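> For reference, this is coords.txt, and it has compact mmCIF, C-alpha atoms.
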```
# COMPACT_ATOMS: atom_id res chain seq x y z
CA MET H 1 59.80 104.94 116.43
CA LYS H 2 61.08 107.99 114.60
CA ARG H 3 64.36 108.00 116.48
CA ASN H 4 64.61 104.34 115.68
CA SER H 5 64.45 104.95 111.95
CA ASN H 6 67.03 107.73 112.18
CA TRP H 7 69.36 105.39 114.03
CA SER H 8 68.91 102.74 111.42
CA ILE H 9 69.76 105.23 108.65
CA LEU H 10 72.98 106.05 110.47
CA LEU H 11 73.90 102.49 111.41
CA LYS H 12 73.06 100.65 108.21
CA GLY H 13 76.14 102.13 106.56
CA LEU H 14 78.41 100.45 109.07
CA LEU H 15 77.69 96.80 108.33
CA LYS H 16 74.37 95.90 106.75
CA GLU H 17 74.75 98.25 103.81
CA ASN H 18 78.46 98.88 104.14
CA PRO H 19 79.36 100.78 100.96
CA VAL H 20 82.65 98.93 100.48
CA PHE H 21 81.93 95.34 101.46
CA VAL H 22 78.23 95.00 100.65
CA LEU H 23 77.24 97.65 98.11
CA ILE H 24 80.69 97.33 96.44
CA LEU H 25 81.04 101.04 95.75
CA GLY H 26 84.24 103.04 95.77
CA THR H 27 86.48 100.09 95.00
CA CYS H 28 89.30 102.14 93.50
CA PRO H 29 90.27 104.21 96.58
CA THR H 30 89.63 101.16 98.76
CA LEU H 31 92.31 99.22 96.95
CA ALA H 32 94.68 102.09 96.31
CA THR H 33 94.90 103.94 99.60
CA THR H 34 94.88 101.05 102.06
CA THR H 35 98.61 100.29 102.00
CA THR H 36 99.06 102.42 105.12
CA VAL H 37 96.66 103.04 108.01
CA ASP H 38 97.13 106.82 108.09
CA GLY H 39 96.60 107.16 104.33
CA ALA H 40 93.42 105.09 104.57
CA PHE H 41 92.17 107.14 107.53
CA GLY H 42 92.84 110.41 105.69
CA MET H 43 91.03 109.12 102.60
CA GLY H 44 88.08 107.94 104.70
CA ILE H 45 87.68 111.27 106.49
CA ALA H 46 88.09 113.28 103.27
CA ALA H 47 85.41 111.19 101.56
CA LEU H 48 83.19 111.45 104.66
CA ALA H 49 83.40 115.25 104.60
CA VAL H 50 82.58 115.42 100.89
CA LEU H 51 79.78 112.88 101.29
CA VAL H 52 78.04 114.72 104.14
CA CYS H 53 78.36 118.15 102.49
CA SER H 54 77.24 116.99 99.05
CA ASN H 55 74.36 114.96 100.50
CA ILE H 56 73.10 118.04 102.39
CA LEU H 57 73.41 120.39 99.42
CA ILE H 58 71.91 117.96 96.92
CA SER H 59 69.03 117.24 99.28
CA LEU H 60 68.41 120.99 99.62
CA LEU H 61 68.45 121.38 95.85
CA ARG H 62 66.47 118.24 95.06
CA LYS H 63 63.35 120.19 94.04
CA VAL H 64 65.34 122.74 92.00
CA ILE H 65 67.46 120.40 89.89
CA PRO H 66 65.62 119.20 86.78
CA ASP H 67 65.53 115.44 86.55
CA SER H 68 67.08 115.18 83.09
CA VAL H 69 70.31 117.00 83.99
CA ARG H 70 70.62 115.80 87.58
CA ILE H 71 73.79 113.72 87.11
CA PRO H 72 75.89 116.63 85.72
CA CYS H 73 74.51 118.85 88.51
CA TYR H 74 75.45 116.30 91.16
CA ILE H 75 78.92 115.97 89.67
CA VAL H 76 79.49 119.74 89.79
CA VAL H 77 78.35 119.93 93.43
CA ILE H 78 80.60 117.01 94.37
CA ALA H 79 83.59 118.35 92.42
CA GLY H 80 83.17 121.68 94.20
CA PHE H 81 83.34 120.09 97.63
CA VAL H 82 86.25 117.88 96.55
CA THR H 83 88.19 120.99 95.51
CA ILE H 84 87.51 122.57 98.92
CA VAL H 85 88.69 119.44 100.74
CA GLN H 86 91.71 119.24 98.44
CA MET H 87 92.70 122.82 99.31
CA ILE H 88 92.23 122.24 103.06
CA VAL H 89 94.35 119.08 103.00
CA GLN H 90 97.04 120.76 100.90
CA ALA H 91 97.21 123.68 103.31
CA PHE H 92 97.12 121.87 106.66
CA LEU H 93 98.24 118.28 105.97
CA PRO H 94 100.82 118.49 103.15
CA GLY H 95 102.18 115.02 104.01
CA LEU H 96 98.78 113.43 103.49
CA TYR H 97 98.30 115.48 100.31
CA VAL H 98 101.43 113.95 98.79
CA LYS H 99 100.49 110.46 100.00
CA LEU H 100 96.98 110.47 98.54
CA GLY H 101 98.14 112.12 95.32
CA VAL H 102 95.78 111.66 92.42
CA TYR H 103 93.26 109.77 94.57
CA LEU H 104 92.26 112.98 96.36
CA PRO H 105 90.80 114.71 93.26
CA LEU H 106 89.45 111.32 92.24
CA ILE H 107 87.00 111.42 95.18
CA THR H 108 84.89 113.29 92.59
CA VAL H 109 84.26 110.08 90.70
CA ASN H 110 84.01 107.89 93.80
CA CYS H 111 80.86 105.88 93.13
CA ILE H 112 79.82 106.04 96.82
CA ILE H 113 79.25 109.78 96.70
CA LEU H 114 77.41 109.93 93.39
CA GLY H 115 75.63 106.70 94.27
CA ARG H 116 74.28 108.10 97.57
CA ALA H 117 73.32 111.37 95.88
CA GLU H 118 71.33 109.41 93.32
CA MET H 119 69.92 106.72 95.61
CA PHE H 120 69.26 108.73 98.77
CA ALA H 121 69.89 112.49 98.88
CA GLY H 122 67.93 113.18 95.70
CA LYS H 123 64.81 111.68 97.29
CA ASN H 124 65.01 112.36 101.04
CA SER H 125 64.90 115.27 103.50
CA VAL H 126 68.01 117.21 104.50
CA GLY H 127 68.34 115.69 107.98
CA LYS H 128 68.01 112.14 106.76
CA SER H 129 70.46 112.77 103.92
CA ALA H 130 73.03 114.19 106.32
CA LEU H 131 72.64 111.11 108.55
CA ASP H 132 72.91 108.83 105.55
CA GLY H 133 76.06 110.62 104.41
CA LEU H 134 77.53 110.35 107.89
CA GLY H 135 76.68 106.65 108.18
CA MET H 136 77.99 105.77 104.75
CA GLY H 137 81.12 107.86 105.28
CA LEU H 138 81.77 106.14 108.62
CA GLY H 139 81.18 102.76 106.99
CA PHE H 140 83.68 103.67 104.28
CA THR H 141 86.24 104.85 106.85
CA VAL H 142 85.81 101.74 109.01
CA ALA H 143 86.17 99.48 105.98
CA LEU H 144 89.31 101.29 104.84
CA LEU H 145 90.75 101.10 108.36
CA ALA H 146 90.05 97.36 108.57
CA MET H 147 91.69 96.69 105.22
CA SER H 148 94.67 98.94 105.81
CA THR H 149 95.28 97.46 109.27
CA ILE H 150 95.50 93.96 107.80
CA ARG H 151 97.68 95.10 104.92
CA GLU H 152 100.06 97.32 106.88
CA VAL H 153 100.48 95.12 109.98
CA PHE H 154 101.10 91.90 108.07
CA GLY H 155 102.60 93.40 104.93
CA ALA H 156 104.89 96.11 106.30
CA ALA H 157 105.10 95.15 110.02
CA SER H 158 104.01 98.60 111.14
CA PHE H 159 100.86 100.41 112.22
CA ALA H 160 100.28 103.97 110.97
CA GLY H 161 103.99 104.26 110.30
CA ILE H 162 105.08 102.96 113.74
CA ALA H 163 107.16 99.81 113.36
CA ILE H 164 106.05 96.68 115.21
CA PRO H 165 109.40 95.19 116.28
CA PHE H 166 108.63 91.49 116.75
CA MET H 167 106.96 91.16 113.35
CA GLU H 168 109.83 92.56 111.33
CA ASN H 169 111.09 89.15 110.21
CA TYR H 170 107.65 87.92 109.23
CA LYS H 171 106.57 90.51 106.71
CA ILE H 172 104.33 89.32 103.87
CA GLU H 173 105.29 92.03 101.42
CA PHE H 174 102.82 90.70 98.88
CA LEU H 175 100.01 92.29 100.92
CA VAL H 176 101.10 95.88 100.40
CA LYS H 177 101.54 95.33 96.67
CA ALA H 178 98.66 95.65 94.22
CA PRO H 179 97.57 91.98 94.05
CA GLY H 180 97.59 91.69 97.84
CA GLY H 181 95.03 94.47 98.04
CA MET H 182 92.62 92.62 95.79
CA LEU H 183 93.15 89.38 97.69
CA VAL H 184 92.45 90.98 101.10
CA TYR H 185 89.41 92.79 99.68
CA GLY H 186 87.98 89.56 98.27
CA CYS H 187 88.48 87.71 101.53
CA LEU H 188 86.89 90.53 103.56
CA ILE H 189 83.82 90.55 101.31
CA ALA H 190 83.43 86.83 101.99
CA LEU H 191 83.92 87.46 105.74
CA VAL H 192 81.22 90.15 105.83
CA TYR H 193 78.93 87.75 103.99
CA VAL H 194 79.51 85.17 106.73
CA ILE H 195 79.00 87.74 109.53
CA THR H 196 75.74 89.02 108.07
CA LYS H 197 74.83 85.36 107.35
CA GLY H 198 74.10 86.23 103.77
CA ARG H 199 71.18 88.44 104.71
CA ALA H 200 72.83 91.30 102.94
CA PRO H 201 72.17 91.27 99.23
CA LEU H 202 75.19 89.56 97.71
CA LYS H 203 76.09 90.58 94.21
CA LYS H 204 75.61 87.23 92.59
CA SER H 205 75.48 88.38 89.03
CA PHE H 206 76.43 91.60 87.37
CA SER H 207 73.08 92.44 85.95
CA CYS H 208 71.92 96.03 86.32
CA ALA H 209 70.94 95.37 89.93
CA GLY H 210 74.39 94.06 90.76
CA CYS H 211 76.41 96.44 88.63
CA PRO H 212 78.55 98.82 90.69
CA ASN H 213 77.82 101.50 88.15
CA ALA H 214 74.07 100.99 88.15
CA ALA H 215 73.43 104.04 90.31
CA ASN H 216 75.31 106.25 87.94
CA CYS H 217 74.35 104.83 84.60
CA GLN H 218 71.35 105.87 82.62
CA THR H 219 68.49 103.56 83.36
CA GLY H 220 68.37 100.72 80.95
CA ALA H 221 71.85 101.12 79.55
CA CYS H 222 72.90 97.71 80.77
CA GLU H 223 69.69 96.06 79.68
CA ALA H 224 70.18 97.68 76.27
CA ALA H 225 73.67 96.20 76.17
CA ALA H 226 72.30 92.78 77.03
CA GLU H 227 69.59 93.09 74.38
CA ALA H 228 72.06 94.22 71.75
CA GLU H 229 74.07 91.14 72.57
CA ILE H 230 71.10 88.84 72.20
CA GLU H 231 70.33 90.40 68.83
CA LYS H 232 73.92 89.91 67.78
CA GLY H 233 73.66 86.29 68.79
CA ASP H 234 70.53 85.84 66.73
CA ALA H 235 71.99 87.43 63.62
CA MET O 1 112.20 111.19 71.05
CA PHE O 2 110.59 108.22 69.34
CA LYS O 3 112.20 105.93 71.86
CA SER O 4 110.81 107.83 74.82
CA LEU O 5 107.32 107.66 73.30
CA ILE O 6 107.63 103.89 72.93
CA ILE O 7 108.78 103.63 76.53
CA ILE O 8 105.79 105.67 77.72
CA LEU O 9 103.42 103.54 75.65
CA LEU O 10 104.77 100.18 76.74
CA SER O 11 105.14 101.08 80.37
CA SER O 12 101.58 102.35 80.62
CA VAL O 13 100.24 99.22 78.91
CA LEU O 14 102.25 96.65 80.86
CA VAL O 15 104.11 97.97 83.88
CA ASN O 16 101.86 100.71 85.21
CA ASN O 17 98.65 99.11 84.04
CA TYR O 18 95.97 101.39 85.50
CA VAL O 19 93.56 98.64 86.47
CA LEU O 20 95.99 96.07 87.76
CA SER O 21 98.65 98.12 89.49
CA ARG O 22 97.21 101.61 90.05
CA PHE O 23 93.63 100.59 90.88
CA LEU O 24 91.90 103.04 88.58
CA GLY O 25 88.80 101.96 86.69
CA ILE O 26 88.08 98.98 88.92
CA CYS O 27 84.29 99.42 88.74
CA PRO O 28 83.92 98.74 84.99
CA PHE O 29 86.72 96.18 85.21
CA LEU O 30 84.65 94.11 87.63
CA GLY O 31 81.26 95.09 86.24
CA VAL O 32 81.50 94.72 82.48
CA SER O 33 84.08 91.96 82.14
CA LYS O 34 81.69 89.05 82.17
CA LYS O 35 81.54 88.52 78.41
CA LEU O 36 84.34 88.92 75.92
CA ASN O 37 82.48 91.16 73.45
CA GLN O 38 81.20 93.45 76.19
CA ALA O 39 84.68 93.69 77.64
CA THR O 40 86.14 94.56 74.24
CA GLY O 41 83.44 97.17 73.58
CA MET O 42 83.99 98.84 76.93
CA GLY O 43 87.77 98.76 76.48
CA ILE O 44 87.63 100.41 73.05
CA ALA O 45 85.12 103.03 74.23
CA VAL O 46 87.33 103.90 77.21
CA THR O 47 90.42 104.19 74.98
CA VAL O 48 88.63 106.58 72.61
CA VAL O 49 87.28 108.74 75.43
CA MET O 50 90.68 108.85 77.14
CA LEU O 51 92.38 110.07 73.96
CA LEU O 52 89.71 112.72 73.36
CA ALA O 53 89.68 113.82 77.01
CA THR O 54 93.46 114.24 77.02
CA ALA O 55 93.41 116.13 73.73
CA VAL O 56 90.98 118.62 75.30
CA THR O 57 92.16 118.80 78.92
CA TRP O 58 95.89 119.22 78.21
CA PRO O 59 95.53 122.55 76.35
CA LEU O 60 92.84 123.56 78.83
CA GLN O 61 95.28 123.18 81.72
CA LEU O 62 97.60 125.69 79.98
CA LEU O 63 94.72 128.16 79.86
CA LEU O 64 93.85 127.52 83.52
CA ASP O 65 97.45 128.01 84.59
CA LYS O 66 97.70 131.22 82.58
CA ALA O 67 94.56 132.56 84.25
CA GLY O 68 95.87 131.48 87.67
CA LEU O 69 92.96 129.07 88.11
CA GLY O 70 95.01 125.89 88.53
CA TYR O 71 92.91 124.88 91.54
CA MET O 72 89.83 124.58 89.31
CA GLN O 73 91.44 121.54 87.62
CA THR O 74 89.16 118.91 89.16
CA ILE O 75 85.88 120.70 88.41
CA VAL O 76 86.87 121.72 84.88
CA PHE O 77 88.24 118.30 83.94
CA ILE O 78 85.24 116.34 85.17
CA LEU O 79 82.85 118.72 83.40
CA VAL O 80 84.85 118.42 80.17
CA ILE O 81 84.84 114.64 80.39
CA ALA O 82 81.14 114.46 81.20
CA SER O 83 80.14 116.73 78.33
CA LEU O 84 82.60 115.05 75.97
CA VAL O 85 81.02 111.68 76.68
CA GLN O 86 77.53 113.08 76.13
CA MET O 87 78.57 114.74 72.86
CA LEU O 88 80.29 111.60 71.62
CA GLU O 89 77.16 109.62 72.34
CA LEU O 90 74.94 112.10 70.46
CA LEU O 91 77.33 112.25 67.50
CA LEU O 92 77.61 108.48 67.25
CA LYS O 93 73.84 108.12 67.48
CA ARG O 94 73.32 110.69 64.72
CA PHE O 95 76.07 109.77 62.26
CA ILE O 96 77.27 106.21 62.89
CA PRO O 97 74.27 104.38 64.37
CA ALA O 98 75.90 100.98 63.87
CA LEU O 99 78.87 101.96 66.02
CA HIS O 100 76.53 103.54 68.55
CA LYS O 101 74.76 100.25 68.92
CA GLY O 102 78.04 98.54 69.68
CA LEU O 103 79.83 101.14 71.80
CA GLY O 104 77.21 103.73 72.71
CA VAL O 105 75.73 101.74 75.55
CA TYR O 106 79.03 101.84 77.39
CA LEU O 107 79.48 105.58 77.08
CA PRO O 108 77.24 106.74 79.96
CA LEU O 109 79.20 104.48 82.28
CA ILE O 110 82.48 106.12 81.34
CA THR O 111 81.79 109.52 82.94
CA THR O 112 82.31 108.01 86.35
CA ASN O 113 85.24 105.84 85.30
CA CYS O 114 88.01 107.18 87.47
CA ALA O 115 90.67 106.00 85.01
CA VAL O 116 89.65 108.71 82.53
CA LEU O 117 89.89 111.57 85.04
CA GLY O 118 92.93 109.87 86.52
CA VAL O 119 94.86 109.79 83.25
CA ALA O 120 93.96 113.40 82.48
CA ILE O 121 95.28 114.56 85.86
CA ASN O 122 98.31 112.25 85.84
CA ASN O 123 99.43 113.52 82.43
CA ILE O 124 99.60 117.00 83.92
CA THR O 125 101.33 115.98 87.16
CA ASP O 126 103.85 113.83 85.27
CA GLY O 127 104.77 116.89 83.23
CA TYR O 128 104.23 115.24 79.83
CA ASN O 129 104.07 117.42 76.73
CA PHE O 130 101.06 117.22 74.42
CA LEU O 131 102.33 114.34 72.28
CA GLU O 132 103.57 112.35 75.27
CA SER O 133 100.21 112.88 76.98
CA LEU O 134 98.36 111.49 73.99
CA VAL O 135 100.67 108.48 73.79
CA SER O 136 100.34 107.84 77.50
CA SER O 137 96.52 108.02 77.25
CA LEU O 138 96.61 105.58 74.34
CA GLY O 139 98.79 103.25 76.40
CA VAL O 140 96.55 103.45 79.42
CA GLY O 141 93.48 102.78 77.25
CA LEU O 142 95.13 99.80 75.57
CA GLY O 143 96.24 98.51 78.96
CA PHE O 144 92.66 98.75 80.18
CA LEU O 145 91.47 96.88 77.06
CA LEU O 146 94.11 94.18 77.58
CA ALA O 147 93.16 93.72 81.24
CA MET O 148 89.45 93.57 80.38
CA VAL O 149 89.94 90.98 77.63
CA LEU O 150 92.25 88.78 79.70
CA PHE O 151 89.95 88.98 82.69
CA SER O 152 86.78 88.17 80.76
CA GLY O 153 88.41 84.91 79.70
CA LEU O 154 89.16 84.08 83.31
CA ARG O 155 85.66 85.06 84.43
CA SER O 156 84.01 82.56 82.13
CA ARG O 157 86.12 79.82 83.73
CA ILE O 158 85.18 80.93 87.27
CA ASP O 159 81.50 80.65 86.45
CA GLU O 160 81.90 76.95 85.70
CA THR O 161 83.58 76.04 88.98
CA ASN O 162 82.10 75.13 92.34
CA ILE O 163 83.10 77.86 94.79
CA PRO O 164 82.32 77.91 98.55
CA LYS O 165 79.22 80.00 99.12
CA PRO O 166 80.68 83.09 100.85
CA PHE O 167 83.21 83.49 98.05
CA ARG O 168 80.68 83.30 95.25
CA GLY O 169 80.29 86.41 93.15
CA LEU O 170 82.54 89.36 93.74
CA ALA O 171 84.86 87.79 96.32
CA ALA O 172 86.06 85.10 93.89
CA THR O 173 86.24 87.69 91.11
CA LEU O 174 88.52 89.91 93.16
CA ILE O 175 90.80 87.02 94.10
CA ALA O 176 91.07 86.08 90.42
CA ALA O 177 91.88 89.72 89.61
CA SER O 178 94.58 89.52 92.25
CA PHE O 179 96.26 86.66 90.37
CA ILE O 180 96.18 88.53 87.06
CA SER O 181 97.66 91.53 88.83
CA LEU O 182 100.36 89.27 90.26
CA ALA O 183 101.18 88.10 86.75
CA PHE O 184 101.49 91.70 85.57
CA MET O 185 103.95 92.43 88.37
CA GLY O 186 106.34 90.28 86.39
CA PHE O 187 106.58 93.06 83.80
CA ALA O 188 108.22 95.42 86.29
CA GLY O 189 111.50 96.70 84.89
CA ILE O 190 111.10 94.95 81.54
CA VAL O 191 110.65 98.16 79.54
CA GLU O 192 113.74 99.87 80.94
CA LYS O 193 115.82 96.73 80.31
CA MET O 194 114.55 96.46 76.75
CA PHE O 195 115.85 99.90 75.80
CA ALA O 196 118.89 100.03 78.03
```
Any chance you could put this one into structure tokens?


Amino acid sequence: MKRNSNWSILLKGLLKENPVFVLILGTCPTLATTTTVDGAFGMGIAALAVLVCSNILISLLRKVIPDSVRIPCYIVVIAGFVTIVQMIVQAFLPGLYVKLGVYLPLITVNCIILGRAEMFAGKNSVGKSALDGLGMGLGFTVALLAMSTIREVFGAASFAGIAIPFMENYKIEFLVKAPGGMLVYGCLIALVYVITKGRAPLKKSFSCAGCPNAANCQTGACEAAAEAEIEKGDA
Amino acid sequence: MFKSLIIILLSSVLVNNYVLSRFLGICPFLGVSKKLNQATGMGIAVTVVMLLATAVTWPLQLLLDKAGLGYMQTIVFILVIASLVQMLELLLKRFIPALHKGLGVYLPLITTNCAVLGVAINNITDGYNFLESLVSSLGVGLGFLLAMVLFSGLRSRIDETNIPKPFRGLAATLIAASFISLAFMGFAGIVEKMFA
């Protein structure tokens, strides 16, 4: 039974609670780095490394960090690991470093990492948090790979930089441009909804429960916004 | 000089719009764009924070470089932005409660808005001087506001239509965002032509 639950923690990140297609976290790197397969893979692995490390450390520190300042503490931990990853990539994979550019330091504000710290690592044991980080990171990587494969193969007629000869005359260049990314992302979300037969919680409305920022925002901020609006309407 | 500032401003509002062509700040763009007044509030709050963050981080980078701590950029910048947002919220609450009621609720969300950290880092990597950095931040903020306002109008239309079930919610929203982004691609090259 216990092994079962550990497996489910690891596997739920892949499809049922896929951070990109179901939880809708980390949208910015998903759209920005999926024009090429190798860039997307690099981004996925970098985020996976940061996610596992920060989940472990935050879980270890969960009894030390005071509740009221937990978000700044989480951000410092995450930013520290991002800097380490940034230095490693710069030293050993300079090509990838140039390709990812500003999106590499921006892993710091990737909602997946802060979201998992807040939703999972801050409340669970070290082992479980590491598994959760691994599962979510793999889910993120798989999602990025799926999106980048579609975009690069059909948009640029190549795969990870290797040209596919017979597709050269049938490139849909729209797909590697900005709007194409959003279009592919939207269609994939709908596809995952069909595959999971709608069992996964679909974000129907952007209330606090559906807000991508809900994990990071102070509790009640969105409700307060809604209330303020109602008051304004009354006045 | 003046001309180059105008070019920076216009190109960051229209051509290199952070939300629609650089994919920064997508979370609030999708999350808070449902109603026009919320979208405007968020857009203005982001613009203000971007300007303040740039005004602080640009000189700070000089200090970091002088001390040979350039690699600390990410940690220092995110801490500065997080504390700046907190301070702004406290100050607004204390001194301008009316404004806090309108904008304050959006402030906690801004810490994790990647557009703010993104513009702070990009200003450094693009090699802008202090004035250019401020202008570029203003442009990026205004571009964000423009995208939010345009998109909130579109969103209200989407809500009234009958969409196939799997596409309901975020999928349809993203596809609509794709069309707005497509429209903005039409601005490519317009700024350079204007001043050529």

> Could you give me, as a tab-separated table, every chain O residue with an atom at most 6 Å from chain H, plus its closest atom pair and distance in Å to one decimal, counting all atoms listed in the file, rows ordered by chain then number?


```
residue	atom	partner	partner_atom	distance
O:Ser21	CA	H:Ala178	CA	5.3
O:Phe23	CA	H:Cys28	CA	5.3
O:Leu24	CA	H:Cys28	CA	5.6
O:Ile26	CA	H:Cys28	CA	5.7
O:Gly31	CA	H:Cys211	CA	5.6
O:Ile75	CA	H:Ala79	CA	5.2
O:Val105	CA	H:Ala221	CA	5.6
O:Pro108	CA	H:Cys217	CA	5.8
O:Leu109	CA	H:Cys217	CA	5.4
O:Thr112	CA	H:Val109	CA	5.2
O:Cys114	CA	H:Val109	CA	5.7
O:Pro166	CA	H:Ala190	CA	4.8
O:Phe167	CA	H:Ala190	CA	5.2
O:Gly169	CA	H:Lys204	CA	4.8
O:Ala171	CA	H:Gly186	CA	4.1
O:Leu174	CA	H:Gly186	CA	5.2
O:Ile175	CA	H:Leu183	CA	4.9
O:Ser178	CA	H:Pro179	CA	4.3
O:Ser181	CA	H:Pro179	CA	5.2
O:Leu182	CA	H:Pro179	CA	5.4
```

> In Å, rounded to a single decimal, give me how far CA of Ile113 (chain H) is from CA of Leu60 (chain H).

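Result for CA of Leu60 (chain H) versus CA of Ile113 (chain H): 15.9 Å, one decimal.
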
> Please measure the separation of CA of Ala160 (chain H) and CA of Val85 (chain H), giving the value in Å to one decimal.

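Straight-line distance from CA of Ala160 (chain H) to CA of Val85 (chain H) works out to 21.9 Å.
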
> From the options O:Trp58, O:Gly143, O:Thr74, O:Met1, which residue's atoms come nearest to Asp126 (chain O), counting only C-alpha atoms?

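The closest residue to Asp126 (chain O) is O:Trp58.
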
> Distance CA of Leu142 (chain O)-CA of Val13 (chain O), one decimal place?

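Interatomic distance, CA of Leu142 (chain O) to CA of Val13 (chain O): 6.1 Å.
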
> I need the residue nearest Leu117 (chain O) from this list: O:Ile78, O:Leu170, O:Ile7, O:Val15. Use only C-alpha atoms for the distance.

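With only C-alpha atoms as the atom set, the closest residue is O:Ile78.
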
> Using all atoms listed in the file for the distances, tell me which of H:Glu173, H:Glu152, H:Glu118, H:Glu168 is nearest to Asp67 (chain H).

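For Asp67 (chain H), the nearest of the candidates is H:Glu118.
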
> Name the residues in contact with Ile162 (chain H) at a cut-off of 12 Å, using all atoms listed in the file, excluding same-chain residues fewer than 6 positions from it; report them as a ChimeraX atom specification.

/H:36-38,152-153,156,168

> If we count all atoms listed in the file and set the cut-off at 12 Å, which residues sit around Leu11 (chain H), ignoring sequence neighbours fewer than 3 positions away in its own chain? Please answer as a count of residues only.

20

> Might you pull out every residue within 12 Å of Glu89 (chain O), with all atoms listed in the file counted and same-chain residues fewer than 5 positions away left off, and present them as an NGL selection string?

:O and (45 or 48-49 or 82-84 or 94-97 or 99-111)

> Listing only residues of region 127-165 of chain O within 12 Å of region 60-65 of chain O, what is the closest atom pair and its distance in Å (to one decimal) for each, using only C-alpha atoms, sorted by chain and residue number ascending, as a tab-separated table?


```
residue	atom	partner	partner_atom	distance
O:Gly127	CA	O:Gln61	CA	11.5
O:Asn129	CA	O:Leu62	CA	11.0
O:Phe130	CA	O:Leu62	CA	10.7
```

> Around all of region 88-92 of chain H's listed atoms, make the axis-aligned box with 8 Å on each side and tell me centre and edge lengths in Å to one decimal, as lines of an AutoDock Vina configuration file.


```
center_x = 94.7
center_y = 121.4
center_z = 103.8
size_x = 21.0
size_y = 20.6
size_z = 21.8
```
